[in-house]
Amino acid sequence: MTSASTSSSSAGVKRKALSIDDKLRIIKLYDEKIGVFNKQQIADQLRLPSSSLRTILKNRKEIEKKRFFRHYETSKEKANEIAKRLNITDFGGSNGWLDRFRKRHGIVYRKICGEADAVDDNSIKSWKETILPNLLKDYSPEDIYNADEFGLFFKLMPDKSLVMKDETCHGGKLSKDRLTVLTCSNWSGTDKLKLLVIGKSKSPRCFKNVHTLPCDYKAENRAWMTGSLFIEWVQQLNCKFVKQKRNVLLFVDNCPAHPKEITLTNIKLVFFPPNATSKLQPLDQGVIKVLKQKYRKKLVQRYLLEMESVTDAEIPKINVLDAIHYVSIAWDEIKPEVIKNCFNKAYFDNVSQEDPHVLDSDEFRDFEEVYPGYTSIDDQLITNEALELEEIINQATVNDEPDEPSDDEEEYIPPLPSIASTVQSISTLRQALTATDGSENMLLYLGRVENFLLNKYKNNVLKQPTITTFFNPRK
């Protein structure tokens, strides 16, 4: 557009006073159109002087704050009522406190999703040809990370998948059988971070006597990722990189549970463009699919093995602790080349082409043929959503009681095994491994497990009144 035409188009636009709601609508429309049109074209479409549009964009943070304060400022009586519910005394909610509250909980004014059917081709082209190369140029693949959440029906068996086809899990009985899992890895696949698993209860029954988990575990009323949980996670990750003296680039999707204004020193947080994460998010290009395939295959294998030794009525139900172990093992089994391949598929390397065979093995093709739709049944499961103020308050009082079993099943919690029975089980495993070809490394690992347990508990063992009974149980 020439300067003359710009001048004439702006001159024909009549200035008018704009309310806060008007300005917020302009900001929203600008965000939707900026990938396709430039600022002057957007101003013309809105019949707004270009100078007014620039002023609104310059002051957008203050405009958004005004709306927040208008909706969330409460009277002293209401504030005291909320504070009382949260067991807070001497509460004083200033504007600064409200602003920090908004950032901490990721309260937003619009919901941005990355559904595949809403992908903006122009945004993707601009991202992969210009924006992404400029972001990556100062970082090595070892220092470029992607984090992504997925929902998991952790108890689901193949025979139940068809009846749950349209389950979105806003609530109800099925919400008790779900988890949200946050995965994070670097581009090279050499640093798969410990998983973050989010469940509904702080203290599930199956956590009795449990002091160590292979992942991080948090609780939220609906087992969703929230702004406060994400901030806590990413700040802990930042501390790790501070100790390692590393500066990293972390890509996440644009959703209400990922607040933008987080103070970080060694992590540069980058958000994918709106409505494009299904094409641009590396972990969503196959890593999560493989992880869920491995998890569900373990469930089926466990079920089939237990059918050989017990009756159907006696087969223990999968609980949260089982799910945590299985999903952590599945994550550990994912090979670096799978992760690297998915980063390349998401345009992180425009030169090399991904190898389709890395993600499409015969092992899982056969599994999908036998159990069609089983792996992908919870692909659309909600993992986060913008919360109302009342929901945030309720979240602060998340259930701290052990999960109650449902009416139709009683959760089986096995008793804590003794040292003697544990060592005997290791001996049985060793006997089975020695009769299996190619188990040399497994035997070494088993020996390390045995030494760890004996060293960890030797003081308790030595205090037993009849130590000879431990080593000679038949005497």
# chains A, B, ... in the order shown; residues from 1 in each chain; ligands from 1
$ closest_atom_pairs --of "segment 224-247 of chain A" --to "segment 176-195 of chain A" --cutoff "12 Å" --atoms "only C-alpha atoms" --output "CSV"
residue,atom,partner,partner_atom,distance
A:Trp224,CA,A:Thr180,CA,6.0
A:Met225,CA,A:Thr180,CA,7.0
A:Thr226,CA,A:Thr180,CA,10.8
A:Leu229,CA,A:Leu182,CA,10.8
A:Phe230,CA,A:Leu182,CA,9.5
A:Trp233,CA,A:Leu182,CA,9.8
A:Val234,CA,A:Cys184,CA,10.7
A:Gln236,CA,A:Leu193,CA,11.9
A:Leu237,CA,A:Leu193,CA,9.3
A:Lys240,CA,A:Leu193,CA,11.0
$ select_by_dssp --residues "segment 212-266 of chain A" --states "alpha helix (DSSP H)" --output "ChimeraX atom specification"
/A:227-244
$ write_last_selection --atoms "N, CA and C atoms" --output "PDB file, in the first residue's frame"
ATOM      1  N   GLY A 227      -2.438 -22.866  35.761  1.00  0.00           N
ATOM      2  CA  GLY A 227      -1.379 -21.870  35.686  1.00  0.00           C
ATOM      3  C   GLY A 227      -0.413 -21.959  36.846  1.00  0.00           C
ATOM      4  N   SER A 228      -0.920 -22.153  38.060  1.00  0.00           N
ATOM      5  CA  SER A 228      -0.042 -22.218  39.229  1.00  0.00           C
ATOM      6  C   SER A 228       0.840 -23.459  39.202  1.00  0.00           C
ATOM      7  N   LEU A 229       0.294 -24.612  38.752  1.00  0.00           N
ATOM      8  CA  LEU A 229       1.113 -25.827  38.648  1.00  0.00           C
ATOM      9  C   LEU A 229       2.200 -25.664  37.597  1.00  0.00           C
ATOM     10  N   PHE A 230       1.850 -25.028  36.464  1.00  0.00           N
ATOM     11  CA  PHE A 230       2.847 -24.837  35.405  1.00  0.00           C
ATOM     12  C   PHE A 230       3.955 -23.896  35.867  1.00  0.00           C
ATOM     13  N   ILE A 231       3.578 -22.811  36.542  1.00  0.00           N
ATOM     14  CA  ILE A 231       4.584 -21.865  37.030  1.00  0.00           C
ATOM     15  C   ILE A 231       5.531 -22.558  37.999  1.00  0.00           C
ATOM     16  N   GLU A 232       4.978 -23.346  38.917  1.00  0.00           N
ATOM     17  CA  GLU A 232       5.819 -24.080  39.874  1.00  0.00           C
ATOM     18  C   GLU A 232       6.780 -25.014  39.143  1.00  0.00           C
ATOM     19  N   TRP A 233       6.266 -25.733  38.134  1.00  0.00           N
ATOM     20  CA  TRP A 233       7.102 -26.678  37.389  1.00  0.00           C
ATOM     21  C   TRP A 233       8.218 -25.972  36.629  1.00  0.00           C
ATOM     22  N   VAL A 234       7.880 -24.911  35.899  1.00  0.00           N
ATOM     23  CA  VAL A 234       8.881 -24.261  35.055  1.00  0.00           C
ATOM     24  C   VAL A 234       9.910 -23.500  35.899  1.00  0.00           C
ATOM     25  N   GLN A 235       9.516 -22.988  37.071  1.00  0.00           N
ATOM     26  CA  GLN A 235      10.485 -22.316  37.940  1.00  0.00           C
ATOM     27  C   GLN A 235      11.458 -23.315  38.567  1.00  0.00           C
ATOM     28  N   GLN A 236      10.973 -24.521  38.901  1.00  0.00           N
ATOM     29  CA  GLN A 236      11.877 -25.567  39.386  1.00  0.00           C
ATOM     30  C   GLN A 236      12.845 -25.988  38.293  1.00  0.00           C
ATOM     31  N   LEU A 237      12.346 -26.063  37.067  1.00  0.00           N
ATOM     32  CA  LEU A 237      13.214 -26.395  35.930  1.00  0.00           C
ATOM     33  C   LEU A 237      14.253 -25.304  35.714  1.00  0.00           C
ATOM     34  N   ASN A 238      13.850 -24.060  35.897  1.00  0.00           N
ATOM     35  CA  ASN A 238      14.792 -22.948  35.764  1.00  0.00           C
ATOM     36  C   ASN A 238      15.918 -23.066  36.784  1.00  0.00           C
ATOM     37  N   CYS A 239      15.581 -23.445  38.018  1.00  0.00           N
ATOM     38  CA  CYS A 239      16.603 -23.632  39.058  1.00  0.00           C
ATOM     39  C   CYS A 239      17.600 -24.719  38.658  1.00  0.00           C
ATOM     40  N   LYS A 240      17.108 -25.780  38.040  1.00  0.00           N
ATOM     41  CA  LYS A 240      17.985 -26.853  37.575  1.00  0.00           C
ATOM     42  C   LYS A 240      18.988 -26.331  36.556  1.00  0.00           C
ATOM     43  N   PHE A 241      18.515 -25.515  35.607  1.00  0.00           N
ATOM     44  CA  PHE A 241      19.411 -24.996  34.576  1.00  0.00           C
ATOM     45  C   PHE A 241      20.356 -23.937  35.132  1.00  0.00           C
ATOM     46  N   VAL A 242      19.927 -23.238  36.165  1.00  0.00           N
ATOM     47  CA  VAL A 242      20.835 -22.287  36.829  1.00  0.00           C
ATOM     48  C   VAL A 242      22.020 -23.040  37.424  1.00  0.00           C
ATOM     49  N   LYS A 243      21.742 -24.161  38.108  1.00  0.00           N
ATOM     50  CA  LYS A 243      22.814 -24.971  38.694  1.00  0.00           C
ATOM     51  C   LYS A 243      23.736 -25.547  37.620  1.00  0.00           C
ATOM     52  N   GLN A 244      23.162 -25.891  36.469  1.00  0.00           N
ATOM     53  CA  GLN A 244      23.950 -26.448  35.373  1.00  0.00           C
ATOM     54  C   GLN A 244      24.620 -25.371  34.528  1.00  0.00           C
TER      55      GLN A 244
END
$ closest_residue --among "A:Asn455, A:Ser52, A:Ser427, A:Ser418" --to "Leu443 of chain A" --atoms "only C-alpha atoms"
A:Ser427
$ select_by_dssp --residues "segment 242-274 of chain A" --states "strand (DSSP E or B)" --output "VMD selection string"
chain A and resid 248 to 252 267 to 271
$ residues_around --residues "segment 15-30 of chain A" --least-positions-apart "4" --cutoff "7 Å" --atoms "only C-alpha atoms" --output "list in words"
Ile34, Ile42, Ile56, Leu57 and Ile63 of chain A
$ write_last_selection --atoms "N, CA and C atoms" --output "PDB file, in the first residue's frame"
ATOM      1  N   ILE A  34      -3.317 -10.588  12.404  1.00  0.00           N
ATOM      2  CA  ILE A  34      -1.964 -10.080  12.165  1.00  0.00           C
ATOM      3  C   ILE A  34      -1.119 -11.043  11.337  1.00  0.00           C
ATOM      4  N   ILE A  42      -5.367  -3.892   8.840  1.00  0.00           N
ATOM      5  CA  ILE A  42      -6.280  -4.222   9.943  1.00  0.00           C
ATOM      6  C   ILE A  42      -7.016  -2.975  10.414  1.00  0.00           C
ATOM      7  N   ILE A  56      -3.600   1.654  21.105  1.00  0.00           N
ATOM      8  CA  ILE A  56      -4.268   0.558  21.816  1.00  0.00           C
ATOM      9  C   ILE A  56      -3.307  -0.603  22.032  1.00  0.00           C
ATOM     10  N   LEU A  57      -2.551  -0.965  21.008  1.00  0.00           N
ATOM     11  CA  LEU A  57      -1.601  -2.082  21.126  1.00  0.00           C
ATOM     12  C   LEU A  57      -0.486  -1.753  22.104  1.00  0.00           C
ATOM     13  N   ILE A  63      -4.882  -2.052  29.434  1.00  0.00           N
ATOM     14  CA  ILE A  63      -6.290  -2.252  29.069  1.00  0.00           C
ATOM     15  C   ILE A  63      -6.795  -3.573  29.632  1.00  0.00           C
TER      16      ILE A  63
END
$ closest_residue --among "A:Met157, A:Leu132, A:Ala323, A:Val290" --to "Pro214 of chain A" --atoms "only C-alpha atoms"
A:Ala323
$ atom_distance --atom1 "atom CA of Leu250 of chain A" --atom2 "atom CA of Leu269 of chain A"
5.0 Å
$ closest_residue --among "A:Tyr217, A:Phe150, A:Tyr371, A:Phe37" --to "Leu291 of chain A" --atoms "only C-alpha atoms"
A:Phe150
$ atom_distance --atom1 "atom CA of Pro256 of chain A" --atom2 "atom CA of Asp31 of chain A"
15.7 Å
$ residues_around --residues "Asp284 of chain A" --least-positions-apart "2" --cutoff "10 Å" --atoms "only C-alpha atoms" --output "PyMOL selection string"
chain A and resi 146-150+277-282+286-289+342-343+346
